[in-house]
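Coordinates as given in final_2.pdb (PDB, C-alpha atoms and all ligand atoms):
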ATOM      1  CA  MET A   1      11.830 -17.578 -13.629
ATOM      2  CA  ASN A   2       8.570 -19.490 -13.352
ATOM      3  CA  ILE A   3       6.126 -16.856 -12.156
ATOM      4  CA  LYS A   4       3.174 -19.205 -11.998
ATOM      5  CA  ALA A   5       5.080 -21.693  -9.833
ATOM      6  CA  ASN A   6       6.360 -18.900  -7.589
ATOM      7  CA  LEU A   7       2.812 -17.643  -7.122
ATOM      8  CA  GLU A   8       1.593 -21.088  -6.183
ATOM      9  CA  PHE A   9       4.420 -21.426  -3.682
ATOM     10  CA  VAL A  10       3.726 -18.032  -2.146
ATOM     11  CA  LYS A  11      -0.016 -18.663  -1.887
ATOM     12  CA  LYS A  12       0.542 -22.060  -0.320
ATOM     13  CA  SER A  13       2.777 -20.555   2.313
ATOM     14  CA  PHE A  14       0.200 -17.971   3.418
ATOM     15  CA  VAL A  15      -0.570 -18.183   7.130
ATOM     16  CA  ASN A  16      -3.897 -16.484   6.387
ATOM     17  CA  PRO A  17      -5.348 -17.593   3.046
ATOM     18  CA  GLU A  18      -7.820 -14.674   3.154
ATOM     19  CA  CYS A  19      -5.000 -12.136   3.057
ATOM     20  CA  LYS A  20      -4.920 -10.156  -0.216
ATOM     21  CA  LEU A  21      -1.858 -10.456  -2.408
ATOM     22  CA  ILE A  22      -0.456  -7.444  -4.242
ATOM     23  CA  ALA A  23       2.105  -8.556  -6.819
ATOM     24  CA  VAL A  24       4.859  -5.946  -6.781
ATOM     25  CA  SER A  25       5.973  -5.680 -10.395
ATOM     26  CA  LYS A  26       8.244  -2.625 -10.208
ATOM     27  CA  THR A  27      11.159  -2.754 -12.683
ATOM     28  CA  LYS A  28       9.681  -5.888 -14.304
ATOM     29  CA  PRO A  29       8.681  -6.036 -17.987
ATOM     30  CA  LEU A  30       5.071  -6.263 -19.154
ATOM     31  CA  GLU A  31       5.463  -9.892 -20.163
ATOM     32  CA  ASP A  32       6.024 -10.750 -16.495
ATOM     33  CA  LEU A  33       2.899  -8.857 -15.467
ATOM     34  CA  ARG A  34       0.921 -10.648 -18.168
ATOM     35  CA  GLU A  35       2.143 -14.001 -16.945
ATOM     36  CA  ALA A  36       1.045 -13.173 -13.401
ATOM     37  CA  TYR A  37      -2.282 -11.919 -14.754
ATOM     38  CA  LYS A  38      -2.784 -15.201 -16.594
ATOM     39  CA  ALA A  39      -2.106 -17.020 -13.342
ATOM     40  CA  GLY A  40      -4.976 -15.078 -11.769
ATOM     41  CA  ILE A  41      -3.337 -11.979 -10.295
ATOM     42  CA  ARG A  42      -5.356  -8.757 -10.624
ATOM     43  CA  ASP A  43      -3.596  -6.544  -8.067
ATOM     44  CA  PHE A  44      -0.262  -5.067  -9.099
ATOM     45  CA  GLY A  45       1.975  -2.759  -7.078
ATOM     46  CA  GLU A  46       4.338  -0.175  -8.532
ATOM     47  CA  ASN A  47       6.402   2.507  -6.836
ATOM     48  CA  LYS A  48       7.194   4.926  -9.658
ATOM     49  CA  VAL A  49       4.631   7.186 -11.268
ATOM     50  CA  GLN A  50       6.236   7.041 -14.698
ATOM     51  CA  GLU A  51       6.330   3.274 -14.672
ATOM     52  CA  ILE A  52       2.774   2.716 -13.448
ATOM     53  CA  GLN A  53       1.588   5.232 -16.051
ATOM     54  CA  ALA A  54       3.395   3.401 -18.838
ATOM     55  CA  LYS A  55       2.162  -0.054 -17.839
ATOM     56  CA  GLN A  56      -1.456   0.789 -17.043
ATOM     57  CA  PRO A  57      -2.769   1.171 -20.631
ATOM     58  CA  GLU A  58      -1.027  -2.046 -21.674
ATOM     59  CA  MET A  59      -2.791  -4.295 -19.195
ATOM     60  CA  PRO A  60      -6.411  -5.545 -19.169
ATOM     61  CA  VAL A  61      -8.956  -3.068 -17.812
ATOM     62  CA  ASP A  62      -9.757  -5.143 -14.737
ATOM     63  CA  THR A  63      -6.181  -4.829 -13.474
ATOM     64  CA  ARG A  64      -6.080  -3.021 -10.109
ATOM     65  CA  TRP A  65      -3.141  -0.653  -9.722
ATOM     66  CA  HIS A  66      -1.598  -0.055  -6.319
ATOM     67  CA  MET A  67       0.793   2.830  -5.823
ATOM     68  CA  ILE A  68       3.032   1.520  -3.060
ATOM     69  CA  GLY A  69       5.996   3.878  -3.053
ATOM     70  CA  HIS A  70       6.619   7.408  -1.934
ATOM     71  CA  LEU A  71       4.404   9.701  -3.992
ATOM     72  CA  GLN A  72       5.280  13.311  -4.728
ATOM     73  CA  SER A  73       2.430  15.780  -4.475
ATOM     74  CA  ASN A  74       3.034  17.164  -7.950
ATOM     75  CA  LYS A  75       2.599  13.699  -9.514
ATOM     76  CA  VAL A  76      -0.748  12.747  -8.030
ATOM     77  CA  LYS A  77      -2.573  14.002 -11.120
ATOM     78  CA  TYR A  78      -0.974  11.377 -13.353
ATOM     79  CA  ILE A  79      -2.325   8.404 -11.440
ATOM     80  CA  ALA A  80      -5.576   9.844 -10.031
ATOM     81  CA  PRO A  81      -7.752   8.687 -12.962
ATOM     82  CA  PHE A  82      -6.954   4.989 -12.662
ATOM     83  CA  VAL A  83      -5.204   4.135  -9.389
ATOM     84  CA  HIS A  84      -7.035   1.597  -7.203
ATOM     85  CA  LEU A  85      -5.276   2.239  -3.901
ATOM     86  CA  ILE A  86      -2.471   4.579  -2.830
ATOM     87  CA  HIS A  87      -0.598   2.832  -0.006
ATOM     88  CA  GLY A  88       2.057   5.388   0.799
ATOM     89  CA  VAL A  89       0.277   8.500   2.032
ATOM     90  CA  ASP A  90       2.954   9.827   4.338
ATOM     91  CA  SER A  91       1.877  13.415   5.004
ATOM     92  CA  PHE A  92      -1.269  15.470   5.453
ATOM     93  CA  LYS A  93      -0.111  17.707   2.628
ATOM     94  CA  LEU A  94      -0.073  14.725   0.250
ATOM     95  CA  LEU A  95      -3.497  13.621   1.458
ATOM     96  CA  GLN A  96      -4.869  17.089   0.728
ATOM     97  CA  GLU A  97      -3.297  17.040  -2.712
ATOM     98  CA  ILE A  98      -4.883  13.658  -3.447
ATOM     99  CA  ASN A  99      -8.221  15.061  -2.287
ATOM    100  CA  LYS A 100      -7.817  18.041  -4.600
ATOM    101  CA  HIS A 101      -7.214  15.864  -7.638
ATOM    102  CA  GLY A 102     -10.046  13.520  -6.713
ATOM    103  CA  LYS A 103     -12.336  16.522  -6.619
ATOM    104  CA  LYS A 104     -11.097  17.770  -9.961
ATOM    105  CA  ILE A 105     -11.968  14.532 -11.734
ATOM    106  CA  ASP A 106     -14.908  13.693  -9.466
ATOM    107  CA  ARG A 107     -13.406  10.444  -8.257
ATOM    108  CA  GLN A 108     -13.170   9.214  -4.681
ATOM    109  CA  LEU A 109      -9.542   8.145  -4.226
ATOM    110  CA  SER A 110      -8.783   5.267  -1.875
ATOM    111  CA  VAL A 111      -5.686   5.552   0.273
ATOM    112  CA  LEU A 112      -3.823   4.014   3.180
ATOM    113  CA  ILE A 113      -1.948   6.079   5.736
ATOM    114  CA  GLN A 114       1.684   5.017   5.877
ATOM    115  CA  MET A 115       3.027   4.814   9.413
ATOM    116  CA  HIS A 116       6.710   4.935  10.211
ATOM    117  CA  ILE A 117       7.300   1.767  12.234
ATOM    118  CA  ALA A 118      10.904   0.892  11.327
ATOM    119  CA  GLU A 119      14.064   1.878  13.136
ATOM    120  CA  GLU A 120      15.593   3.318   9.971
ATOM    121  CA  GLU A 121      15.243   7.027   9.488
ATOM    122  CA  SER A 122      15.009   6.568   5.757
ATOM    123  CA  LYS A 123      11.567   5.014   5.643
ATOM    124  CA  PHE A 124       8.654   7.345   5.053
ATOM    125  CA  GLY A 125       5.528   7.677   7.099
ATOM    126  CA  PHE A 126       3.621   9.421   9.847
ATOM    127  CA  ASP A 127       4.561   9.044  13.472
ATOM    128  CA  GLN A 128       1.790   8.931  16.052
ATOM    129  CA  ALA A 129       2.115  12.615  16.938
ATOM    130  CA  GLU A 130       1.713  13.646  13.305
ATOM    131  CA  LEU A 131      -1.319  11.427  12.987
ATOM    132  CA  GLU A 132      -2.930  13.030  16.033
ATOM    133  CA  GLU A 133      -2.087  16.458  14.701
ATOM    134  CA  MET A 134      -3.888  15.628  11.473
ATOM    135  CA  PHE A 135      -6.955  14.303  13.315
ATOM    136  CA  ALA A 136      -7.004  17.494  15.381
ATOM    137  CA  SER A 137      -6.923  19.852  12.417
ATOM    138  CA  LYS A 138     -10.073  21.404  11.036
ATOM    139  CA  GLU A 139      -8.909  20.836   7.442
ATOM    140  CA  PHE A 140      -8.964  17.092   7.943
ATOM    141  CA  TYR A 141     -12.739  17.166   8.379
ATOM    142  CA  GLU A 142     -13.119  19.101   5.138
ATOM    143  CA  LEU A 143     -11.770  16.331   2.904
ATOM    144  CA  THR A 144     -14.391  15.156   0.424
ATOM    145  CA  HIS A 145     -12.698  13.001  -2.219
ATOM    146  CA  VAL A 146     -10.515  10.563  -0.311
ATOM    147  CA  LYS A 147     -11.402   7.311   1.366
ATOM    148  CA  ILE A 148      -8.946   6.267   4.043
ATOM    149  CA  GLN A 149      -9.168   2.499   4.047
ATOM    150  CA  GLY A 150      -6.496   1.623   6.546
ATOM    151  CA  LEU A 151      -2.800   1.696   7.341
ATOM    152  CA  MET A 152       0.429   0.629   5.691
ATOM    153  CA  GLY A 153       3.855   0.057   7.203
ATOM    154  CA  MET A 154       7.274  -1.358   6.448
ATOM    155  CA  ALA A 155       9.315  -3.121   9.100
ATOM    156  CA  THR A 156      13.017  -2.579   9.649
ATOM    157  CA  PHE A 157      15.257  -4.412   7.173
ATOM    158  CA  THR A 158      16.767  -6.932   9.596
ATOM    159  CA  ASP A 159      17.106 -10.674  10.266
ATOM    160  CA  LYS A 160      15.749 -10.185  13.771
ATOM    161  CA  GLN A 161      12.342 -11.765  13.536
ATOM    162  CA  ASP A 162      11.311 -10.583  16.991
ATOM    163  CA  GLN A 163      11.937  -6.983  16.041
ATOM    164  CA  ILE A 164       9.926  -7.291  12.812
ATOM    165  CA  ARG A 165       7.114  -8.919  14.746
ATOM    166  CA  LYS A 166       7.163  -6.194  17.389
ATOM    167  CA  GLU A 167       6.905  -3.480  14.734
ATOM    168  CA  PHE A 168       4.024  -5.204  12.931
ATOM    169  CA  ARG A 169       2.270  -5.818  16.233
ATOM    170  CA  GLY A 170       2.512  -2.138  17.111
ATOM    171  CA  LEU A 171       0.952  -1.177  13.785
ATOM    172  CA  ARG A 172      -1.832  -3.683  14.291
ATOM    173  CA  GLN A 173      -2.565  -2.239  17.720
ATOM    174  CA  LEU A 174      -2.787   1.251  16.295
ATOM    175  CA  PHE A 175      -5.070  -0.069  13.538
ATOM    176  CA  ASP A 176      -7.385  -1.658  16.122
ATOM    177  CA  ASN A 177      -7.403   1.495  18.233
ATOM    178  CA  LEU A 178      -8.343   3.644  15.257
ATOM    179  CA  LYS A 179     -11.246   1.345  14.433
ATOM    180  CA  ASN A 180     -12.787   2.348  17.744
ATOM    181  CA  ARG A 181     -12.137   6.056  17.389
ATOM    182  CA  ASN A 182     -14.744   8.554  16.388
ATOM    183  CA  LEU A 183     -13.380   9.541  12.989
ATOM    184  CA  PRO A 184     -15.171  11.009   9.966
ATOM    185  CA  GLU A 185     -17.152   8.832   7.603
ATOM    186  CA  PHE A 186     -14.449   8.808   4.954
ATOM    187  CA  VAL A 187     -12.246   6.832   7.334
ATOM    188  CA  ASP A 188     -12.952   3.110   7.180
ATOM    189  CA  MET A 189     -10.189   1.146   8.877
ATOM    190  CA  LYS A 190     -10.393  -2.186   7.095
ATOM    191  CA  GLU A 191      -7.052  -2.805   5.387
ATOM    192  CA  LEU A 192      -3.690  -3.310   7.022
ATOM    193  CA  SER A 193      -0.996  -3.416   4.325
ATOM    194  CA  MET A 194       2.086  -4.982   5.860
ATOM    195  CA  GLY A 195       4.446  -7.738   4.762
ATOM    196  CA  MET A 196       6.842  -8.201   1.829
ATOM    197  CA  SER A 197       8.741 -11.186   0.405
ATOM    198  CA  GLY A 198      10.924 -11.553   3.486
ATOM    199  CA  ASP A 199       8.356 -11.053   6.221
ATOM    200  CA  TYR A 200       4.837 -11.731   4.916
ATOM    201  CA  GLN A 201       4.258 -14.733   7.153
ATOM    202  CA  ILE A 202       5.099 -12.777  10.307
ATOM    203  CA  ALA A 203       2.927  -9.931   9.014
ATOM    204  CA  GLN A 204      -0.005 -12.300   8.487
ATOM    205  CA  GLU A 205       0.444 -13.763  11.955
ATOM    206  CA  GLU A 206       0.204 -10.212  13.259
ATOM    207  CA  GLY A 207      -2.994  -9.445  11.377
ATOM    208  CA  SER A 208      -2.057  -8.148   7.941
ATOM    209  CA  THR A 209      -4.953  -8.051   5.447
ATOM    210  CA  MET A 210      -2.775  -7.217   2.447
ATOM    211  CA  VAL A 211       0.801  -8.228   1.589
ATOM    212  CA  ARG A 212       2.963  -6.593  -1.078
ATOM    213  CA  ILE A 213       5.198  -9.253  -2.593
ATOM    214  CA  GLY A 214       7.708  -8.658  -5.369
ATOM    215  CA  SER A 215      10.896 -10.703  -5.524
ATOM    216  CA  ALA A 216       9.323 -13.956  -4.265
ATOM    217  CA  ILE A 217       7.077 -13.843  -7.349
ATOM    218  CA  PHE A 218       9.098 -12.121 -10.064
ATOM    219  CA  GLY A 219      12.644 -12.827  -8.922
ATOM    220  CA  SER A 220      15.206 -10.388  -7.618
ATOM    221  CA  ARG A 221      15.504  -6.895  -9.069
ATOM    222  CA  ASN A 222      18.693  -5.334 -10.388
TER     223      ASN A 222
HETATM  224  C1  LIG B   1       9.532  -3.153  -3.481
HETATM  225  C2  LIG B   1       8.476  -3.047  -2.440
HETATM  226  C3  LIG B   1       7.830  -4.191  -1.946
HETATM  227  C4  LIG B   1       8.157  -5.598  -2.385
HETATM  228  O1  LIG B   1       9.417  -5.981  -1.957
HETATM  229  P1  LIG B   1       9.930  -7.507  -2.072
HETATM  230  O2  LIG B   1      10.910  -7.636  -0.978
HETATM  231  O3  LIG B   1      10.511  -7.642  -3.421
HETATM  232  O4  LIG B   1       8.745  -8.382  -1.878
HETATM  233  C5  LIG B   1       6.826  -4.005  -1.006
HETATM  234  N1  LIG B   1       6.481  -2.777  -0.558
HETATM  235  C6  LIG B   1       7.094  -1.663  -1.002
HETATM  236  C7  LIG B   1       6.656  -0.345  -0.472
HETATM  237  C8  LIG B   1       8.110  -1.755  -1.958
HETATM  238  O5  LIG B   1       8.704  -0.635  -2.384
END
Here is the file; what I need is its structure written in the form of structure tokens.
Amino acid sequence: MNIKANLEFVKKSFVNPECKLIAVSKTKPLEDLREAYKAGIRDFGENKVQEIQAKQPEMPVDTRWHMIGHLQSNKVKYIAPFVHLIHGVDSFKLLQEINKHGKKIDRQLSVLIQMHIAEEESKFGFDQAELEEMFASKEFYELTHVKIQGLMGMATFTDKQDQIRKEFRGLRQLFDNLKNRNLPEFVDMKELSMGMSGDYQIAQEEGSTMVRIGSAIFGSRN
């Protein structure tokens, strides 16, 4: 597996060269992360708390750690001190828990709200009604230690390109609508995290600002 060559290939195939690349290194050994780091990557995505916790002290201090998977409320405390961006905030309860831990260590924690855009039931995320419910609740306006920087979503796992595009387009429209809403100061809709190895070009065509790419860089996972 030539990680450097894969990275060059991926970068060259970007539809939007400004789009940020998160290298998804879950299940991969540290030597692979170091190789990607040497090739210029600073943003790494992991989906398990234990794994991100184990890798973090072993990598250079300017590495930016992205928690991209489902996060359990009782594990927020383990990543709060170092995490750069939590992509998968899929409930108000989790957001409040993140806020609580941010407060405890006096650190503003950056997050993305994960929206459920896929057909599959199994994927996590808010639906629009839940999002509105959160915006309507008094507790939302009392958050002090989170920074909502945008939205994240995962398309349906399918070969149907038009369906993937439709789902990404819907998320982009919501993102644009929220930019024009009167929301508290800690909401700054600037990042749209959508696109993985199989669909990052479609995602970029639909306005993604951040893609999370694993297997196209590090090879397939077991
Ligand atoms: C694993 C994972 C990715 C990367 O998937 P690839 O298909 O390997 O690029 C992206 N986002 C999330 C949330 C993931 O869990």
**Request:** Can you give me, as a ChimeraX atom specification, the residues this file yields under the PyMOL selection byres (((not hetatm)) within 9 of (chain B and resi 1))?
**Result:** /A:22-26,45-47,67-70,87-88,152-154,193-200,211-221
Generate a file of the selected residues that holds C-alpha atoms, formatted as a PDB file, in the frame of the given file.
ATOM      1  CA  ILE A  22      -0.456  -7.444  -4.242  1.00  0.00           C
ATOM      2  CA  ALA A  23       2.105  -8.556  -6.819  1.00  0.00           C
ATOM      3  CA  VAL A  24       4.859  -5.946  -6.781  1.00  0.00           C
ATOM      4  CA  SER A  25       5.973  -5.680 -10.395  1.00  0.00           C
ATOM      5  CA  LYS A  26       8.244  -2.625 -10.208  1.00  0.00           C
ATOM      6  CA  GLY A  45       1.975  -2.759  -7.078  1.00  0.00           C
ATOM      7  CA  GLU A  46       4.338  -0.175  -8.532  1.00  0.00           C
ATOM      8  CA  ASN A  47       6.402   2.507  -6.836  1.00  0.00           C
ATOM      9  CA  MET A  67       0.793   2.830  -5.823  1.00  0.00           C
ATOM     10  CA  ILE A  68       3.032   1.520  -3.060  1.00  0.00           C
ATOM     11  CA  GLY A  69       5.996   3.878  -3.053  1.00  0.00           C
ATOM     12  CA  HIS A  70       6.619   7.408  -1.934  1.00  0.00           C
ATOM     13  CA  HIS A  87      -0.598   2.832  -0.006  1.00  0.00           C
ATOM     14  CA  GLY A  88       2.057   5.388   0.799  1.00  0.00           C
ATOM     15  CA  MET A 152       0.429   0.629   5.691  1.00  0.00           C
ATOM     16  CA  GLY A 153       3.855   0.057   7.203  1.00  0.00           C
ATOM     17  CA  MET A 154       7.274  -1.358   6.448  1.00  0.00           C
ATOM     18  CA  SER A 193      -0.996  -3.416   4.325  1.00  0.00           C
ATOM     19  CA  MET A 194       2.086  -4.982   5.860  1.00  0.00           C
ATOM     20  CA  GLY A 195       4.446  -7.738   4.762  1.00  0.00           C
ATOM     21  CA  MET A 196       6.842  -8.201   1.829  1.00  0.00           C
ATOM     22  CA  SER A 197       8.741 -11.186   0.405  1.00  0.00           C
ATOM     23  CA  GLY A 198      10.924 -11.553   3.486  1.00  0.00           C
ATOM     24  CA  ASP A 199       8.356 -11.053   6.221  1.00  0.00           C
ATOM     25  CA  TYR A 200       4.837 -11.731   4.916  1.00  0.00           C
ATOM     26  CA  VAL A 211       0.801  -8.228   1.589  1.00  0.00           C
ATOM     27  CA  ARG A 212       2.963  -6.593  -1.078  1.00  0.00           C
ATOM     28  CA  ILE A 213       5.198  -9.253  -2.593  1.00  0.00           C
ATOM     29  CA  GLY A 214       7.708  -8.658  -5.369  1.00  0.00           C
ATOM     30  CA  SER A 215      10.896 -10.703  -5.524  1.00  0.00           C
ATOM     31  CA  ALA A 216       9.323 -13.956  -4.265  1.00  0.00           C
ATOM     32  CA  ILE A 217       7.077 -13.843  -7.349  1.00  0.00           C
ATOM     33  CA  PHE A 218       9.098 -12.121 -10.064  1.00  0.00           C
ATOM     34  CA  GLY A 219      12.644 -12.827  -8.922  1.00  0.00           C
ATOM     35  CA  SER A 220      15.206 -10.388  -7.618  1.00  0.00           C
ATOM     36  CA  ARG A 221      15.504  -6.895  -9.069  1.00  0.00           C
TER      37      ARG A 221
END
**Output of the PyMOL selection byres (((chain A and resi 50) around 12) and not hetatm), listed as a list in words** = Lys26, Thr27, Glu46, Asn47, Lys48, Val49, Glu51, Ile52, Gln53, Ala54, Lys55, Gln56, Met67, Leu71, Gln72, Lys75, Val76, Lys77, Tyr78 and Ile79 of chain A
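Straight-line separation from atom CA of Asp32 of chain A to atom CA of Ile113 of chain A: 29.0 Å.
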**Message:** Could you tell me how far atom CA of Met115 of chain A sits from atom CA of Leu174 of chain A, in Å to one decimal place?
**Reply:** 9.7 Å
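When only C-alpha atoms are used to compute distances to Ala129 of chain A, the closest of the residues A:Gln149, A:Gly102, A:Asn6, A:Ser91 turns out to be A:Ser91.
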**Asked** In Å, how far is it from atom CA of Glu97 of chain A to atom CA of Asp188 of chain A?
**Response** 19.6 Å
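Counting all atoms listed in the file, Lys166 of chain A has the following residues at most 12 Å away, ignoring those fewer than 2 positions along the same chain: A:Ile117, A:Ala118, A:Glu119, A:Met154, A:Ala155, A:Thr156, A:Lys160, A:Gln161, A:Asp162, A:Gln163, A:Ile164, A:Phe168, A:Arg169, A:Gly170, A:Leu171, A:Arg172, A:Gln173, A:Ile202, A:Ala203, A:Glu205, A:Glu206.
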**Proximity to Leu7 of chain A - best of A:Lys103, A:Lys93, A:Lys190, A:Lys38, all atoms listed in the file** = A:Lys38
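Using only C-alpha atoms, the shortest contact distance between Lys20 of chain A and any of A:Val187, A:Phe124, A:Arg165, A:Gln204 is found at A:Gln204.
You can rank A:His145, A:Ile3, A:Asp176, A:Arg107 by their closest distance to Glu31 of chain A using all atoms listed in the file, and at the top of that list sits A:Ile3.
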**Prompt:** Can you tell me, as a count of residues only, what residues are no more than 8 Å from Lys4 of chain A when counting all atoms listed in the file, ignoring any on the same chain fewer than 5 positions away?
**Reply:** 3
**Complete:** One residue among A:Leu30, A:Gly207, A:Gln201, A:Phe175 is nearest to Val10 of chain A when using only C-alpha atoms, and that residue is A:Gln201
